[in-house]
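Enquirer: Let me give you the structure first, and then I'll get to my questions.
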Amino acid sequence: MPTNDFTAYSVNKMTEKEARSIAEWRYEAPYELYNVTGDLEEILQELLDGSYYAVRSSGDELVGFFCYGRNAQVPGGLRQGLYTGESVIDIGLGLKPELTGRGLGLEFLRAGIAYAARTFAPRKLRLSVAAFNTRAIALYSKAGFDPAGQFDNTADGQTIRFVLMEMEVPASG
């Protein structure tokens, strides 16, 4: 049940146990794009490189993760030179699959925005979202992100359109 108080979530550096759990998460179609796939050791190396943060509920349940910086950028956007600007940090996120669609997204996202504001002090946050993911785009818009461009990303022989979204970081963080 949402609490409407994003302090109900704790955001901390990811542990190996949390990374292993996240590597097993599986999203149903059409969101399978967000499944972590590939060599487990490479996946763990990335999840534990310092740019990923585990999110736990007040009941200490692993509910999701945030990623900040280069690992939150999509290769197609990188190739097109879209990830530029001063005092901008890219944010990636994932909510545990069984928790999606239950009204927890805005509170969860606000926890990540607040963490980024406190930790990195950027002027802007930026994220990339698959254009078909209208549910996430609506959530990001509600949180204050605005569309800032589009690009295509090709991976595994499939091309997917992405929307780049940005928001000014609230002064209070």
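Numbering starts fresh at 1 for the residues of each chain in the structure tokens, the chains themselves are lettered A, B, ... in the order given, and ligands are numbered from 1 as they appear.
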Run DSSP on the backbone of this structure and report the residues of region 17-155 of chain A it assigns to strand (DSSP E), as number ranges by chain.

Expert: A: 52-56, 62-68, 88-95, 124-130, 146-155

Enquirer: Store the residues picked out above in a file with N, CA and C atoms, as a compact mmCIF listing (two decimals), in the first residue's frame.

Expert:
```txt
# COMPACT_ATOMS: atom_id res chain seq x y z
N TYR A 52 24.92 1.56 -9.02
CA TYR A 52 23.60 0.99 -8.72
C TYR A 52 23.33 1.02 -7.22
N TYR A 53 22.07 1.33 -6.89
CA TYR A 53 21.65 1.45 -5.50
C TYR A 53 20.38 0.63 -5.29
N ALA A 54 20.36 -0.17 -4.26
CA ALA A 54 19.19 -0.97 -3.93
C ALA A 54 18.20 -0.12 -3.15
N VAL A 55 16.93 -0.38 -3.36
CA VAL A 55 15.87 0.34 -2.66
C VAL A 55 15.09 -0.68 -1.84
N ARG A 56 14.96 -0.38 -0.57
CA ARG A 56 14.22 -1.26 0.34
C ARG A 56 13.07 -0.48 0.96
N LEU A 62 13.40 -5.78 -0.50
CA LEU A 62 14.01 -5.25 -1.71
C LEU A 62 12.90 -4.98 -2.71
N VAL A 63 12.69 -3.70 -3.05
CA VAL A 63 11.58 -3.32 -3.93
C VAL A 63 12.04 -2.79 -5.28
N GLY A 64 13.32 -2.46 -5.42
CA GLY A 64 13.78 -1.93 -6.68
C GLY A 64 15.20 -1.45 -6.62
N PHE A 65 15.59 -0.72 -7.65
CA PHE A 65 16.93 -0.17 -7.72
C PHE A 65 16.94 1.12 -8.52
N PHE A 66 17.98 1.90 -8.29
CA PHE A 66 18.28 3.07 -9.10
C PHE A 66 19.70 2.94 -9.60
N CYS A 67 19.94 3.53 -10.74
CA CYS A 67 21.26 3.59 -11.33
C CYS A 67 21.48 5.04 -11.73
N TYR A 68 22.65 5.55 -11.47
CA TYR A 68 22.95 6.95 -11.79
C TYR A 68 24.21 7.03 -12.64
N VAL A 88 24.11 17.59 -15.15
CA VAL A 88 23.01 16.69 -15.49
C VAL A 88 23.43 15.28 -15.11
N ILE A 89 22.55 14.55 -14.46
CA ILE A 89 22.84 13.16 -14.16
C ILE A 89 21.72 12.29 -14.72
N ASP A 90 22.12 11.20 -15.34
CA ASP A 90 21.15 10.26 -15.88
C ASP A 90 20.73 9.29 -14.79
N ILE A 91 19.46 8.93 -14.83
CA ILE A 91 18.89 8.04 -13.82
C ILE A 91 18.20 6.88 -14.53
N GLY A 92 18.47 5.69 -14.03
CA GLY A 92 17.78 4.49 -14.48
C GLY A 92 17.12 3.88 -13.26
N LEU A 93 16.08 3.11 -13.46
CA LEU A 93 15.39 2.54 -12.31
C LEU A 93 14.66 1.28 -12.69
N GLY A 94 14.39 0.48 -11.69
CA GLY A 94 13.60 -0.72 -11.88
C GLY A 94 12.84 -1.03 -10.61
N LEU A 95 11.55 -1.22 -10.74
CA LEU A 95 10.71 -1.64 -9.63
C LEU A 95 10.52 -3.14 -9.76
N LYS A 124 19.85 19.08 -13.22
CA LYS A 124 18.85 18.36 -13.99
C LYS A 124 19.04 16.86 -13.84
N LEU A 125 17.93 16.14 -13.93
CA LEU A 125 17.94 14.69 -14.04
C LEU A 125 17.43 14.35 -15.44
N ARG A 126 17.97 13.27 -15.99
CA ARG A 126 17.56 12.86 -17.33
C ARG A 126 17.36 11.34 -17.30
N LEU A 127 16.38 10.87 -18.05
CA LEU A 127 16.20 9.43 -18.17
C LEU A 127 15.77 9.08 -19.58
N SER A 128 15.94 7.82 -19.93
CA SER A 128 15.56 7.30 -21.24
C SER A 128 14.54 6.19 -21.00
N VAL A 129 13.44 6.23 -21.73
CA VAL A 129 12.36 5.25 -21.55
C VAL A 129 11.87 4.80 -22.91
N ALA A 130 11.61 3.50 -23.04
CA ALA A 130 11.07 2.97 -24.29
C ALA A 130 9.75 3.67 -24.60
N ASP A 146 9.96 16.15 -18.46
CA ASP A 146 9.39 16.58 -19.73
C ASP A 146 10.15 15.92 -20.88
N PRO A 147 9.46 15.60 -21.99
CA PRO A 147 10.15 15.04 -23.15
C PRO A 147 11.22 16.00 -23.66
N ALA A 148 12.38 15.44 -24.03
CA ALA A 148 13.49 16.27 -24.50
C ALA A 148 14.09 15.72 -25.79
N GLY A 149 13.43 14.75 -26.41
CA GLY A 149 13.94 14.17 -27.65
C GLY A 149 13.61 12.70 -27.75
N GLN A 150 13.95 12.13 -28.90
CA GLN A 150 13.74 10.71 -29.14
C GLN A 150 14.93 10.16 -29.89
N PHE A 151 15.13 8.84 -29.77
CA PHE A 151 16.19 8.17 -30.52
C PHE A 151 15.84 6.70 -30.64
N ASP A 152 16.48 6.04 -31.60
CA ASP A 152 16.30 4.61 -31.78
C ASP A 152 17.51 3.88 -31.21
N ASN A 153 17.25 2.73 -30.63
CA ASN A 153 18.31 1.87 -30.12
C ASN A 153 18.10 0.48 -30.72
N THR A 154 19.17 -0.04 -31.33
CA THR A 154 19.10 -1.39 -31.91
C THR A 154 19.95 -2.33 -31.07
N ALA A 155 19.32 -3.40 -30.61
CA ALA A 155 20.01 -4.43 -29.84
C ALA A 155 19.38 -5.77 -30.16
```

Enquirer: List the neighbours of Asn35 (chain A) out to 12 Å using only C-alpha atoms; skip same-chain residues closer than 3 positions along the sequence, and give me the result as a PyMOL selection string.

Expert: chain A and resi 22-32+38+43+94-97

Enquirer: I'd like to know which of A:Leu78, A:Ala138, A:Ala19, A:Ser58 is closest to Leu40 (chain A), using only C-alpha atoms.

Expert: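 For Leu40 (chain A), the nearest of the given residues is A:Ala19.
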
Enquirer: Return as a PyMOL selection string the full set of residues in region 103-155 of chain A whose backbone-based DSSP assignment is helix (DSSP H, G or I).

Expert: chain A and resi 105-120+134-143
